[in-house]
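The next block holds one structure in the form of structure tokens; read it before the comments.
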Amino acid sequence: MILLATLMLGAEVPDAAPALTAVKTCNRAEIKTLISDEPHRRTEFAAAAYAEQRAIAQERATLLSTTPSGASGQATTTTALAQLDARQKLLDDARATEKSWRDLFDEVRADYLANCTTGKRNAEN
């Protein structure tokens with residue numbers, strides 16, 4: 001959960017502004033850096049998302065496989081399940097944000113290839 005929490009807080013979520021500026025100005029060095037760093041960043045995100053999903057599933061299975069005793073046990077189970085649901089929602093949000101980034105990144109790359117490598121825009125580098 002710590003890796004996912006870090007991702008959700010924006011520590012690993014890319015900022016779109018540098019990519020948009022790089023393609024607007026045809027900054028080859030910046031685009032090259034973005035393109036070369038992206039596969040590793042995607043792998044790190046996928047690994048963190050997988051680990052969090054697996055942890056949620058395991059914890060939910062454990063909670064549902066035990067029978068709580070008494071009202072306090074039922075309340076504790078209900079609270080724990082609500083916390084798992086909240087974690088799942090955070091994970092879903094992280095995945096949606098990641099998908100949006102990937103869509104944007106792919107469009108930026110296509111824009112660069114279509115307009116900067118062909119001379120349609122003036123390239124800085």
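As shown in the structure tokens, the chain order sets the letters A, B, ...; within each chain, residues go from 1, and ligands are also counted from 1 in the order they appear.
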
Exercise: A:Tyr50 partners within 12 Å, only C-alpha atoms, chain neighbours under 4 positions left out, as a ChimeraX atom specification:
/A:1,3-4,43-46,54-57,88,91-92,94-95

Which residues are near A:Thr62? Cut-off 12 Å, only C-alpha atoms, ignore same chain within fewer than 4 positions. Put them as number ranges by chain.
A: 55-58, 66-68, 77, 80-81, 84

What separation in Å, quoted to one decimal, exists between atom CA of A:Glu12 and atom CA of A:Asp103?
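Between atom CA of A:Glu12 and atom CA of A:Asp103 the gap works out to 16.7 Å.
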
With distances taken over only C-alpha atoms, which of A:Ala96, A:Val13, A:Leu20, A:Cys26 is nearest to A:Asn115?
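Closest residue, counting only C-alpha atoms: A:Cys26.
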
Could you tell me how far atom CA of A:Ala19 sits from atom CA of A:Leu34, in Å to one decimal place?
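Atom-to-atom, atom CA of A:Leu34 and atom CA of A:Ala19 are spaced 7.4 Å apart.
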
Atomic separation - atom CA of A:Ala17 relative to atom CA of A:Leu90, Å
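Computing the Euclidean distance for atom CA of A:Leu90 and atom CA of A:Ala17 yields 23.8 Å.
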
Give the helix (DSSP H, G or I) residues of chain A, as assigned by DSSP on the backbone, as a PyMOL selection string.
chain A and resi 2-8+16-24+28-65+70-115
